[in-house]
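Novice: Contents are CSV, C-alpha atoms; file name input01.csv:
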chain,number,residue,atom,x,y,z
A,44,MET,CA,21.7,-30.4,-20.6
A,45,THR,CA,20.0,-28.1,-23.1
A,46,ALA,CA,22.3,-27.0,-25.9
A,47,LYS,CA,23.1,-23.4,-25.7
A,48,TRP,CA,23.5,-20.8,-28.4
A,49,ASN,CA,26.3,-18.4,-27.4
A,50,PRO,CA,25.6,-15.1,-29.2
A,51,SER,CA,29.2,-14.1,-28.8
A,52,MET,CA,30.1,-16.6,-31.6
A,53,SER,CA,31.3,-15.0,-34.8
A,54,THR,CA,28.4,-16.4,-36.7
A,55,ALA,CA,24.8,-15.7,-35.5
A,56,PRO,CA,21.7,-17.5,-36.6
A,57,GLU,CA,20.2,-16.2,-39.9
A,58,SER,CA,17.2,-15.0,-37.9
A,59,TYR,CA,19.3,-12.3,-36.4
A,60,PRO,CA,20.8,-10.4,-39.4
A,61,HIS,CA,21.2,-7.2,-37.4
A,62,ILE,CA,22.8,-8.7,-34.4
A,63,ASP,CA,26.1,-6.8,-34.8
A,64,ASN,CA,24.3,-3.5,-35.0
A,65,ALA,CA,22.3,-4.3,-31.8
A,66,LYS,CA,25.5,-5.2,-30.0
A,67,ILE,CA,23.7,-7.8,-27.9
A,68,LYS,CA,26.0,-10.1,-25.9
A,69,GLY,CA,25.6,-13.0,-23.5
A,70,HIS,CA,24.1,-16.5,-23.8
A,71,CYS,CA,20.7,-17.8,-24.8
A,72,ASP,CA,19.4,-21.3,-25.0
A,73,THR,CA,18.3,-22.0,-28.5
A,74,ARG,CA,14.7,-22.6,-27.3
A,75,PHE,CA,14.6,-19.0,-26.1
A,76,GLU,CA,15.8,-17.2,-29.3
A,77,PRO,CA,12.5,-15.2,-29.3
A,78,VAL,CA,13.7,-13.4,-26.2
A,79,TRP,CA,16.9,-12.4,-27.9
A,80,GLN,CA,14.9,-11.3,-30.9
A,81,ALA,CA,12.6,-9.2,-28.6
A,82,LEU,CA,15.5,-7.3,-27.2
A,83,GLU,CA,17.0,-6.9,-30.6
A,84,MET,CA,13.7,-5.4,-31.7
A,85,SER,CA,13.7,-2.9,-28.9
A,86,PHE,CA,17.1,-1.6,-30.0
A,87,ALA,CA,16.2,-1.6,-33.7
A,88,MET,CA,13.1,0.4,-33.0
A,89,GLY,CA,15.0,2.9,-30.9
A,90,GLU,CA,13.1,2.0,-27.8
A,91,ASP,CA,16.2,1.1,-25.8
A,92,VAL,CA,19.6,2.7,-25.3
A,93,GLY,CA,21.1,0.1,-22.9
A,94,ALA,CA,19.4,-2.9,-21.3
A,95,SER,CA,19.7,-6.4,-19.9
A,96,VAL,CA,17.4,-9.4,-20.0
A,97,ALA,CA,17.4,-12.6,-18.0
A,98,VAL,CA,15.2,-15.7,-17.9
A,99,PHE,CA,15.8,-18.4,-15.3
A,100,ILE,CA,14.1,-21.9,-15.2
A,101,ASP,CA,14.5,-24.1,-12.2
A,102,GLY,CA,17.1,-21.6,-10.8
A,103,GLU,CA,19.4,-21.8,-13.8
A,104,PRO,CA,19.8,-19.1,-16.5
A,105,VAL,CA,18.5,-20.0,-19.9
A,106,VAL,CA,18.8,-16.3,-21.1
A,107,ASP,CA,21.4,-13.8,-19.8
A,108,ILE,CA,21.9,-11.1,-22.4
A,109,TRP,CA,22.6,-7.4,-22.5
A,110,GLY,CA,23.4,-4.7,-25.1
A,111,GLY,CA,23.4,-1.1,-26.1
A,112,TYR,CA,25.0,1.8,-24.3
A,113,PHE,CA,25.7,2.9,-20.8
A,114,ASP,CA,24.4,6.4,-21.3
A,115,ALA,CA,23.3,9.1,-23.8
A,116,ASP,CA,26.8,9.6,-25.0
A,117,PHE,CA,26.7,6.3,-26.9
A,118,ASP,CA,30.4,5.7,-26.5
A,119,ARG,CA,30.5,3.2,-23.6
A,120,PRO,CA,28.8,-0.2,-24.0
A,121,TRP,CA,26.4,-1.6,-21.5
A,122,ASP,CA,28.5,-4.4,-20.1
A,123,ARG,CA,27.8,-7.7,-18.4
A,124,ASP,CA,28.1,-6.2,-15.0
A,125,THR,CA,26.4,-2.8,-15.7
A,126,ILE,CA,23.8,-2.1,-13.0
A,127,ILE,CA,21.2,0.7,-12.6
A,128,THR,CA,18.4,1.8,-10.2
A,129,THR,CA,15.4,-0.4,-10.8
A,130,HIS,CA,13.0,1.9,-8.9
A,131,SER,CA,9.9,0.0,-7.8
A,132,THR,CA,11.2,-3.4,-8.8
A,133,THR,CA,13.1,-2.8,-5.5
A,134,LYS,CA,9.8,-3.5,-3.7
A,135,THR,CA,10.0,-7.1,-4.9
A,136,MET,CA,13.5,-7.4,-3.4
A,137,THR,CA,12.3,-6.0,-0.1
A,138,ALA,CA,9.4,-8.5,-0.1
A,139,MET,CA,11.9,-11.3,-0.7
A,140,ALA,CA,13.8,-10.2,2.4
A,141,ALA,CA,10.6,-10.3,4.5
A,142,LEU,CA,9.7,-13.7,3.1
A,143,VAL,CA,13.1,-15.2,3.9
A,144,LEU,CA,12.9,-13.8,7.4
A,145,ALA,CA,9.5,-15.3,7.8
A,146,ASP,CA,10.5,-18.6,6.4
A,147,SER,CA,13.3,-18.7,9.0
A,148,GLY,CA,10.7,-18.4,11.8
A,149,GLU,CA,12.0,-15.1,13.0
A,150,LEU,CA,9.1,-13.0,11.6
A,151,ASP,CA,5.4,-13.8,11.9
A,152,LEU,CA,3.7,-12.1,8.9
A,153,ASP,CA,0.4,-12.3,10.7
A,154,ALA,CA,1.6,-10.7,13.9
A,155,PRO,CA,1.0,-7.0,14.6
A,156,VAL,CA,3.8,-4.7,13.5
A,157,ALA,CA,3.8,-3.3,17.0
A,158,LYS,CA,5.0,-6.7,18.4
A,159,TYR,CA,8.4,-5.9,16.9
A,160,TRP,CA,8.2,-2.1,16.7
A,161,PRO,CA,6.2,-0.9,19.7
A,162,GLU,CA,6.2,2.8,18.6
A,163,PHE,CA,4.2,1.8,15.6
A,164,ALA,CA,1.1,1.3,17.7
A,165,ALA,CA,0.5,5.1,17.9
A,166,GLU,CA,-2.6,6.6,16.4
A,167,GLY,CA,-4.7,3.4,16.4
A,168,LYS,CA,-2.2,1.3,14.5
A,169,ALA,CA,-1.7,-1.4,17.1
A,170,GLY,CA,-3.6,-4.0,15.2
A,171,ILE,CA,-2.0,-3.7,11.8
A,172,PRO,CA,-0.3,-7.0,10.9
A,173,VAL,CA,3.0,-7.1,9.0
A,174,ARG,CA,1.4,-8.6,5.9
A,175,TRP,CA,-0.6,-5.4,5.4
A,176,LEU,CA,2.7,-3.6,4.9
A,177,LEU,CA,3.5,-6.1,2.1
A,178,GLY,CA,0.0,-5.7,0.6
A,179,HIS,CA,-0.1,-1.9,0.6
A,180,THR,CA,-3.1,-1.9,2.9
A,181,SER,CA,-1.7,-0.3,6.1
A,182,GLY,CA,-3.0,3.2,5.3
A,183,LEU,CA,0.6,4.6,5.3
A,184,ALA,CA,1.1,5.2,1.6
A,185,GLY,CA,3.1,8.3,2.3
A,186,TRP,CA,4.3,10.8,4.9
A,187,THR,CA,1.7,13.1,6.4
A,188,GLU,CA,4.4,15.7,7.3
A,189,ASP,CA,6.3,17.4,4.5
A,190,VAL,CA,9.6,15.6,3.9
A,191,THR,CA,12.7,16.2,1.8
A,192,TRP,CA,14.8,13.5,0.2
A,193,ALA,CA,17.4,14.1,3.0
A,194,ASP,CA,14.6,13.2,5.4
A,195,VAL,CA,13.8,10.0,3.5
A,196,TYR,CA,17.4,9.0,3.4
A,197,ASP,CA,17.5,9.3,7.2
A,198,LEU,CA,16.0,6.0,8.1
A,199,GLU,CA,15.7,6.7,11.8
A,200,LYS,CA,13.9,10.0,11.2
A,201,SER,CA,11.6,8.9,8.4
A,202,THR,CA,10.5,5.6,10.0
A,203,ALA,CA,9.8,7.4,13.2
A,204,LEU,CA,7.5,9.8,11.4
A,205,LEU,CA,5.6,6.8,9.9
A,206,ALA,CA,5.3,5.2,13.3
A,207,ALA,CA,3.9,8.4,14.8
A,208,GLN,CA,1.3,9.2,12.1
A,209,ALA,CA,-2.3,8.2,11.7
A,210,PRO,CA,-3.3,6.0,8.7
A,211,TRP,CA,-4.8,7.8,5.7
A,212,TRP,CA,-7.7,5.3,5.5
A,213,GLU,CA,-9.0,2.4,7.6
A,214,PRO,CA,-6.2,-0.2,7.4
A,215,GLY,CA,-7.0,-3.5,5.8
A,216,THR,CA,-10.1,-2.2,3.9
A,217,ALA,CA,-8.3,-1.2,0.7
A,218,SER,CA,-4.9,-1.0,-0.9
A,219,GLY,CA,-3.1,2.2,-1.6
A,220,TYR,CA,0.3,1.7,-3.3
A,221,HIS,CA,3.1,2.5,-0.8
A,222,GLY,CA,5.3,4.1,-3.4
A,223,ILE,CA,8.2,5.2,-1.2
A,224,THR,CA,7.2,4.1,2.3
A,225,GLN,CA,7.0,0.3,1.9
A,226,GLY,CA,10.7,-0.2,2.3
A,227,HIS,CA,10.9,2.1,5.3
A,228,LEU,CA,8.0,0.3,7.0
A,229,LEU,CA,9.5,-3.1,6.5
A,230,ASN,CA,12.9,-1.8,7.6
A,231,GLY,CA,11.3,-0.8,10.9
A,232,VAL,CA,10.3,-4.4,11.4
A,233,ILE,CA,13.4,-6.2,10.1
A,234,GLU,CA,15.9,-3.9,11.9
A,235,ARG,CA,14.2,-4.5,15.2
A,236,ILE,CA,14.2,-8.3,14.7
A,237,THR,CA,17.7,-8.7,13.3
A,238,GLY,CA,19.7,-5.6,14.3
A,239,LYS,CA,20.4,-5.1,10.6
A,240,THR,CA,18.9,-2.5,8.3
A,241,LEU,CA,16.8,-3.9,5.4
A,242,GLY,CA,19.6,-3.3,3.0
A,243,ARG,CA,22.2,-5.1,5.2
A,244,TYR,CA,19.8,-8.0,5.9
A,245,PHE,CA,19.1,-8.3,2.1
A,246,ALA,CA,22.8,-8.4,1.3
A,247,ASP,CA,23.6,-11.0,4.0
A,248,HIS,CA,20.6,-13.3,3.7
A,249,VAL,CA,19.3,-12.9,0.1
A,250,ALA,CA,21.7,-11.5,-2.4
A,251,GLY,CA,24.8,-12.8,-0.8
A,252,PRO,CA,23.8,-16.5,-0.6
A,253,LEU,CA,22.4,-16.5,-4.1
A,254,GLY,CA,25.4,-14.6,-5.6
A,255,ALA,CA,23.0,-11.9,-6.9
A,256,ASP,CA,24.5,-8.5,-7.8
A,257,TYR,CA,21.7,-6.5,-6.4
A,258,HIS,CA,22.0,-3.8,-3.7
A,259,ILE,CA,19.7,-1.8,-1.6
A,260,GLY,CA,22.2,1.0,-0.7
A,261,ILE,CA,25.4,0.8,-2.7
A,262,GLY,CA,28.9,2.1,-2.0
A,263,ALA,CA,30.9,4.7,-3.9
A,264,ASP,CA,33.3,1.9,-5.1
A,265,GLN,CA,30.5,0.7,-7.4
A,266,ASP,CA,29.6,4.0,-9.0
A,267,ARG,CA,31.6,3.5,-12.1
A,268,ARG,CA,29.4,0.6,-13.3
A,269,ILE,CA,26.0,2.3,-12.5
A,270,ALA,CA,24.4,3.4,-15.7
A,271,SER,CA,22.7,6.8,-16.2
A,272,PHE,CA,19.1,7.2,-17.2
A,273,VAL,CA,18.2,8.6,-20.6
A,274,GLN,CA,15.0,10.4,-20.1
A,275,ALA,CA,12.7,9.7,-23.0
A,276,THR,CA,9.4,11.3,-21.8
A,277,PRO,CA,8.7,14.4,-19.7
A,278,LYS,CA,8.4,13.8,-15.9
A,279,GLN,CA,4.7,13.1,-15.2
A,280,LEU,CA,3.4,14.5,-11.9
A,281,PRO,CA,0.2,13.0,-10.4
A,282,ARG,CA,-2.9,15.2,-10.6
A,283,GLY,CA,-6.5,14.7,-9.5
A,284,ASN,CA,-6.0,11.9,-6.9
A,285,PRO,CA,-5.2,13.3,-3.5
A,286,ILE,CA,-3.4,10.2,-2.3
A,287,ALA,CA,-1.3,9.9,-5.5
A,288,GLU,CA,-0.5,13.6,-5.3
A,289,ARG,CA,0.7,13.4,-1.7
A,290,VAL,CA,2.8,10.4,-2.4
A,291,GLY,CA,4.2,11.6,-5.8
A,292,LEU,CA,4.9,15.2,-4.7
A,293,ASN,CA,6.2,14.6,-1.2
A,294,PRO,CA,9.0,14.4,-2.2
A,295,ILE,CA,9.3,14.2,-6.1
A,296,LEU,CA,11.2,11.3,-7.6
A,297,SER,CA,12.9,11.9,-10.9
A,298,PRO,CA,15.5,10.0,-13.0
A,299,LYS,CA,17.9,12.9,-12.4
A,300,LEU,CA,17.5,12.5,-8.6
A,301,SER,CA,18.0,8.7,-8.8
A,302,THR,CA,21.5,9.1,-10.4
A,303,THR,CA,22.8,11.2,-7.4
A,304,SER,CA,25.3,9.8,-5.0
A,305,ASN,CA,23.1,10.5,-2.0
A,306,TRP,CA,20.4,8.4,-3.6
A,307,ARG,CA,22.8,5.6,-4.2
A,308,ARG,CA,24.2,5.5,-0.7
A,309,ALA,CA,20.7,5.5,1.0
A,310,GLU,CA,18.5,2.5,1.7
A,311,VAL,CA,15.1,3.3,0.1
A,312,GLY,CA,13.7,-0.2,0.1
A,313,ALA,CA,10.8,0.7,-2.1
A,314,ALA,CA,12.7,2.4,-4.9
A,315,ASN,CA,16.5,2.6,-4.9
A,316,GLY,CA,17.7,-0.9,-5.4
A,317,HIS,CA,20.5,-1.3,-8.0
A,318,GLY,CA,21.0,-4.3,-10.2
A,319,ASN,CA,20.6,-5.8,-13.6
A,320,ALA,CA,18.3,-8.4,-15.1
A,321,ARG,CA,20.5,-11.3,-14.1
A,322,SER,CA,20.5,-10.3,-10.5
A,323,VAL,CA,16.7,-9.7,-10.4
A,324,ALA,CA,15.9,-13.0,-12.0
A,325,THR,CA,18.4,-14.8,-9.7
A,326,VAL,CA,16.7,-13.5,-6.6
A,327,HIS,CA,13.2,-14.2,-7.9
A,328,SER,CA,14.3,-17.8,-8.7
A,329,ALA,CA,14.0,-18.3,-5.0
A,330,LEU,CA,10.3,-17.6,-5.4
A,331,ALA,CA,9.9,-19.6,-8.6
A,332,CYS,CA,11.6,-22.8,-7.3
A,333,GLY,CA,13.2,-22.2,-4.0
A,334,GLY,CA,16.7,-21.0,-5.0
A,335,ALA,CA,19.3,-20.4,-7.7
A,336,ASN,CA,22.8,-21.3,-8.6
A,337,GLY,CA,22.7,-24.4,-6.4
A,338,THR,CA,21.6,-22.5,-3.3
A,339,SER,CA,18.2,-23.1,-1.6
A,340,LEU,CA,16.7,-20.0,0.0
A,341,LEU,CA,13.0,-20.6,0.5
A,342,SER,CA,10.9,-23.6,1.4
A,343,ASP,CA,7.9,-24.4,-0.7
A,344,ALA,CA,5.6,-23.2,2.0
A,345,GLY,CA,7.7,-20.0,2.4
A,346,ARG,CA,7.7,-19.1,-1.3
A,347,MET,CA,4.0,-19.8,-1.7
A,348,ARG,CA,3.2,-17.1,0.9
A,349,ALA,CA,3.8,-14.5,-1.9
A,350,LEU,CA,0.6,-15.7,-3.5
A,351,GLU,CA,-1.6,-15.0,-0.4
A,352,VAL,CA,-4.0,-12.3,-1.4
A,353,GLN,CA,-3.8,-9.1,0.7
A,354,ALA,CA,-6.1,-6.9,-1.3
A,355,ASP,CA,-8.3,-7.3,-4.3
A,356,GLY,CA,-10.0,-4.1,-5.6
A,357,ILE,CA,-9.4,-0.6,-6.8
A,358,ASP,CA,-6.0,0.6,-5.5
A,359,LEU,CA,-6.6,4.0,-3.9
A,360,LEU,CA,-3.4,5.5,-5.4
A,361,LEU,CA,-3.1,3.7,-8.7
A,362,GLY,CA,-6.8,4.0,-9.5
A,363,LEU,CA,-6.7,0.4,-11.0
A,364,PRO,CA,-8.0,-2.9,-9.8
A,365,VAL,CA,-5.0,-4.8,-8.4
A,366,LYS,CA,-4.9,-8.1,-6.6
A,367,TRP,CA,-2.0,-7.8,-4.3
A,368,GLY,CA,-0.1,-10.7,-2.8
A,369,MET,CA,2.8,-10.4,-0.4
A,370,GLY,CA,4.9,-7.6,-2.0
A,371,PHE,CA,3.9,-8.6,-5.6
A,372,ALA,CA,0.9,-8.0,-7.8
A,373,LEU,CA,-1.0,-11.2,-8.7
A,374,GLU,CA,-3.5,-9.8,-11.1
A,375,SER,CA,-4.1,-6.3,-12.7
A,376,PRO,CA,-4.8,-4.6,-16.0
A,377,LEU,CA,-1.1,-4.1,-16.3
A,378,ARG,CA,-0.5,-7.7,-17.3
A,379,GLN,CA,-2.8,-10.4,-18.7
A,380,ASN,CA,-2.0,-13.6,-16.9
A,381,ARG,CA,-1.8,-17.0,-18.7
A,382,PRO,CA,-4.9,-19.0,-17.7
A,383,GLY,CA,-4.1,-21.4,-14.9
A,384,HIS,CA,-0.7,-19.9,-14.2
A,385,ARG,CA,0.1,-18.6,-10.7
A,386,VAL,CA,2.2,-15.5,-11.2
A,387,ALA,CA,3.7,-12.7,-9.1
A,388,TYR,CA,5.1,-9.6,-10.8
A,389,TRP,CA,5.8,-5.9,-10.7
A,390,GLY,CA,8.0,-3.3,-12.3
A,391,GLY,CA,9.8,0.0,-11.7
A,392,GLN,CA,9.2,3.6,-12.8
A,393,GLY,CA,10.9,4.1,-16.2
A,394,GLY,CA,10.3,0.6,-17.5
A,395,SER,CA,12.0,-2.2,-15.5
A,396,SER,CA,9.9,-5.3,-15.3
A,397,CYS,CA,9.9,-8.7,-13.6
A,398,LEU,CA,7.7,-11.8,-13.4
A,399,VAL,CA,7.7,-15.0,-11.5
A,400,ASP,CA,5.7,-18.0,-12.8
A,401,PHE,CA,5.3,-20.6,-10.1
A,402,ASP,CA,4.0,-23.2,-12.5
A,403,GLU,CA,6.8,-22.8,-15.0
A,404,ARG,CA,9.3,-22.4,-12.2
A,405,MET,CA,10.5,-19.4,-14.2
A,406,SER,CA,11.6,-15.9,-13.4
A,407,VAL,CA,11.9,-13.2,-16.1
A,408,ALA,CA,13.6,-9.7,-15.7
A,409,PHE,CA,14.2,-6.7,-17.9
A,410,VAL,CA,16.3,-3.7,-16.7
A,411,MET,CA,17.1,-0.7,-18.9
A,412,ASN,CA,18.3,2.9,-18.9
A,413,ARG,CA,15.9,4.6,-21.3
A,414,PHE,CA,13.4,6.1,-18.9
A,415,VAL,CA,9.8,6.0,-20.2
A,416,GLU,CA,6.7,7.1,-18.2
A,417,GLY,CA,3.1,6.9,-19.2
A,418,PRO,CA,1.3,4.3,-21.4
A,419,GLY,CA,4.5,3.0,-23.0
A,420,GLU,CA,6.3,2.4,-19.7
A,421,SER,CA,5.7,-1.4,-19.6
A,422,VAL,CA,5.8,-2.1,-23.3
A,423,ARG,CA,9.4,-3.3,-23.5
A,424,GLY,CA,9.2,-5.5,-20.4
A,425,SER,CA,5.9,-7.0,-21.5
A,426,ARG,CA,7.5,-7.9,-24.9
A,427,ILE,CA,10.3,-9.7,-23.2
A,428,ILE,CA,7.9,-11.7,-20.9
A,429,GLU,CA,5.7,-12.6,-23.9
A,430,ALA,CA,8.7,-13.8,-25.8
A,431,ALA,CA,9.7,-16.0,-22.8
A,432,TYR,CA,6.2,-17.6,-22.9
A,433,GLN,CA,6.4,-18.0,-26.7
A,434,SER,CA,9.7,-19.9,-26.2
A,435,LEU,CA,7.9,-22.2,-23.8
A,436,GLY,CA,5.1,-22.8,-26.3
A,437,ARG,CA,2.5,-21.1,-24.1
Just dump the structure as structure tokens.

Specialist:
Amino acid sequence: MTAKWNPSMSTAPESYPHIDNAKIKGHCDTRFEPVWQALEMSFAMGEDVGASVAVFIDGEPVVDIWGGYFDADFDRPWDRDTIITTHSTTKTMTAMAALVLADSGELDLDAPVAKYWPEFAAEGKAGIPVRWLLGHTSGLAGWTEDVTWADVYDLEKSTALLAAQAPWWEPGTASGYHGITQGHLLNGVIERITGKTLGRYFADHVAGPLGADYHIGIGADQDRRIASFVQATPKQLPRGNPIAERVGLNPILSPKLSTTSNWRRAEVGAANGHGNARSVATVHSALACGGANGTSLLSDAGRMRALEVQADGIDLLLGLPVKWGMGFALESPLRQNRPGHRVAYWGGQGGSSCLVDFDERMSVAFVMNRFVEGPGESVRGSRIIEAAYQSLGR
């Protein structure tokens, strides 16, 4: 077994002279010290308030560290079991639920959505396959009708609206990031197959078996350990792109909203998952190598389905070229892939990031509470991922 450096030891390596100030805790294999150093740098530069980082190889944690503060009061530490909304990183968890259900044989990703959800066939949508929901190509990037967050939280109402509306573009011809609707659409399928909502199915068949502390819809008994966001940049509203404007303004998501109790209780499978880096990397280990913590969750064929290309071109909402797989980005300007490496990745509004490298059998995750939008959103997560590759000598 690889020797492990436990940073809770009284004496830290000389390469980490400011470790006490950073208040980083956890464990880190000696080989992955650059990852520890990258998180320490984020704190030293004032780029983070509280955060957690995890790297799993072959389903086992080689890095599981955390540090900083719970909120802007700077009087409560970010603890081992602190969790927070990870925003669109939630989409990768929803994708994992769909992949697990497909691997069990209960869901055919190539079948029409209407096979499971007959009402969805309205307005010319009868031929849309399930995989187009995962690849953002269904044409249902948002709600045509005006909706409030109360409407979005009402799964029966909001999914019925999506089933009844016409696509915004010809399905299957282009991607348009399904910012809030992706989870609702997949919930419409999963609930009709299993009798369980997406959040319940994820808890019972993904997070539960893996021992992952990640929740799509979370009870009031967990509120005390949910960190608050520290908003570092002004809220940026989409302008100039009709699809982005409709999705981003109907309704508006803000870090203030995503700390409310109604948000936490709901199941918004595209955006309101709660977890930390350990839980994200644990779940993604099932994609990287089949399972984690001694539990096998996906077959090799099942996990490789994430790499099946669903769209490859300019995303109509993001305005960027994105190669979409099943619920994950495979290539985009947001990340430079290592040559010859098969990867699947994404992140969440504010800065959370995650990556799965199929060839290294590795999952990497970064979760934080300092909320950054704009050009700097992915800087911290990218630094962590680069440090993981540096540790591998890549």

Novice: For stretch 309-329 of chain A against stretch 113-137 of chain A, with a cut-off of 7 Å and counting only C-alpha atoms, what is the closest atom pair and its distance in Å to one decimal for every residue that makes the cut, ordered by chain and number, as CSV?

Specialist:
residue,atom,partner,partner_atom,distance
A:Gly312,CA,A:Thr137,CA,6.0
A:Ala313,CA,A:Lys134,CA,4.6
A:Ala314,CA,A:His130,CA,4.0
A:Asn315,CA,A:His130,CA,5.4
A:Gly316,CA,A:Thr133,CA,5.0
A:His317,CA,A:Thr128,CA,4.3
A:Gly318,CA,A:Ile126,CA,4.5
A:Asn319,CA,A:Ile126,CA,4.9

Novice: How would the residues just picked look written out with C-alpha atoms as a PDB file, in the coordinates of the input?

Specialist:
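Saved to selection-v4.pdb:
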ATOM      1  CA  GLY A 312      13.700  -0.200   0.100  1.00  0.00           C
ATOM      2  CA  ALA A 313      10.800   0.700  -2.100  1.00  0.00           C
ATOM      3  CA  ALA A 314      12.700   2.400  -4.900  1.00  0.00           C
ATOM      4  CA  ASN A 315      16.500   2.600  -4.900  1.00  0.00           C
ATOM      5  CA  GLY A 316      17.700  -0.900  -5.400  1.00  0.00           C
ATOM      6  CA  HIS A 317      20.500  -1.300  -8.000  1.00  0.00           C
ATOM      7  CA  GLY A 318      21.000  -4.300 -10.200  1.00  0.00           C
ATOM      8  CA  ASN A 319      20.600  -5.800 -13.600  1.00  0.00           C
TER       9      ASN A 319
END

Novice: Between atom CA of A:Gln225 and atom CA of A:Leu398, what distance in Å does the model show, to one decimal?

Specialist: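 Atom CA of A:Leu398 lies 19.5 Å from atom CA of A:Gln225.
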
Novice: What's the 10 Å shell around A:Ser304, counting all atoms listed in the file, without same-chain residues fewer than 2 positions away, as a list of chain:residue names?

Specialist: A:Ile261, A:Gly262, A:Ala263, A:Asp266, A:Leu300, A:Ser301, A:Thr302, A:Trp306, A:Arg307, A:Arg308, A:Ala309

Novice: For each of A:Leu228, A:Met411, A:Ala354, A:Leu198, take the minimum atom-to-atom distance to A:Met369, counting all atoms listed in the file, then give the residue where this is smallest.

Specialist: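 Of A:Leu228, A:Met411, A:Ala354, A:Leu198, the one nearest A:Met369, counting all atoms listed in the file, is A:Ala354.
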
Novice: Report, in Å to a single decimal, how far apart atom CA of A:Leu296 and atom CA of A:Met84 are.

Specialist: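 Between atom CA of A:Met84 and atom CA of A:Leu296 the gap is 29.4 Å.
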
Novice: Would you compute the distance between atom CA of A:Pro364 and atom CA of A:Gln279? Give it in Å to one decimal.

Specialist: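 Atom CA of A:Gln279 lies 21.1 Å from atom CA of A:Pro364.
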
Novice: Set the distance at 10 Å and use only C-alpha atoms: which residues neighbour A:Ala209 once local chain neighbours fewer than 4 positions away are removed? I'd like the list as a list in words.

Specialist: Phe163, Ala164, Ala165, Glu166, Gly167, Lys168, Gly182, Leu183, Trp186, Thr187, Leu204, Leu205 and Glu213 of chain A

Novice: Can you tell me which residues surround A:Gly436 at a distance of at most 12 Å, considering all atoms listed in the file, apart from same-chain residues fewer than 5 positions away, and format the answer as a PyMOL selection string?

Specialist: chain A and resi 74-75+77+381+403+429-431

Novice: With distances taken over all atoms listed in the file, which of A:Phe414, A:Phe409, A:Trp175, A:Trp211 is nearest to A:Arg426?

Specialist: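 For A:Arg426, the nearest of the candidates is A:Phe409.
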
Novice: Restricting the calculation to all atoms listed in the file: of A:Gln353, A:Ser181, A:Gln392, A:Ser328, which residue gets closest to A:Ala97?

Specialist: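 Among the listed residues, the smallest separation from A:Ala97 belongs to A:Ser328.
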
Novice: Could you please give me, as a VMD selection string, the residues of protein, DNA or RNA lying at most 12 Å from (6.4, -7.8, -26.6) in the coordinate frame of the file, considering only C-alpha atoms?

Specialist: chain A and resid 77 to 85 90 378 409 419 421 to 433

Novice: Which residues are close to A:Leu150, i.e. within 12 Å by only C-alpha atoms, leaving aside same-chain residues fewer than 5 positions away? Reply as a compact mmCIF listing (two decimals) with C-alpha atoms, in the coordinates of the input.

Specialist:
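Saved file result-v7.txt follows:
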# COMPACT_ATOMS: atom_id res chain seq x y z
CA ALA A 140 13.80 -10.20 2.40
CA ALA A 141 10.60 -10.30 4.50
CA LEU A 142 9.70 -13.70 3.10
CA VAL A 143 13.10 -15.20 3.90
CA LEU A 144 12.90 -13.80 7.40
CA ALA A 145 9.50 -15.30 7.80
CA PRO A 155 1.00 -7.00 14.60
CA VAL A 156 3.80 -4.70 13.50
CA LYS A 158 5.00 -6.70 18.40
CA TYR A 159 8.40 -5.90 16.90
CA PRO A 172 -0.30 -7.00 10.90
CA VAL A 173 3.00 -7.10 9.00
CA ARG A 174 1.40 -8.60 5.90
CA LEU A 229 9.50 -3.10 6.50
CA VAL A 232 10.30 -4.40 11.40
CA ILE A 233 13.40 -6.20 10.10
CA GLU A 234 15.90 -3.90 11.90
CA ARG A 235 14.20 -4.50 15.20
CA ILE A 236 14.20 -8.30 14.70
CA THR A 237 17.70 -8.70 13.30
CA GLY A 345 7.70 -20.00 2.40

Novice: Using all atoms listed in the file for the distances, tell me which of A:Leu350, A:Val96, A:Ser339, A:Phe401 is nearest to A:His248.

Specialist: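 Checking each candidate against A:His248, we get A:Ser339 as the closest.
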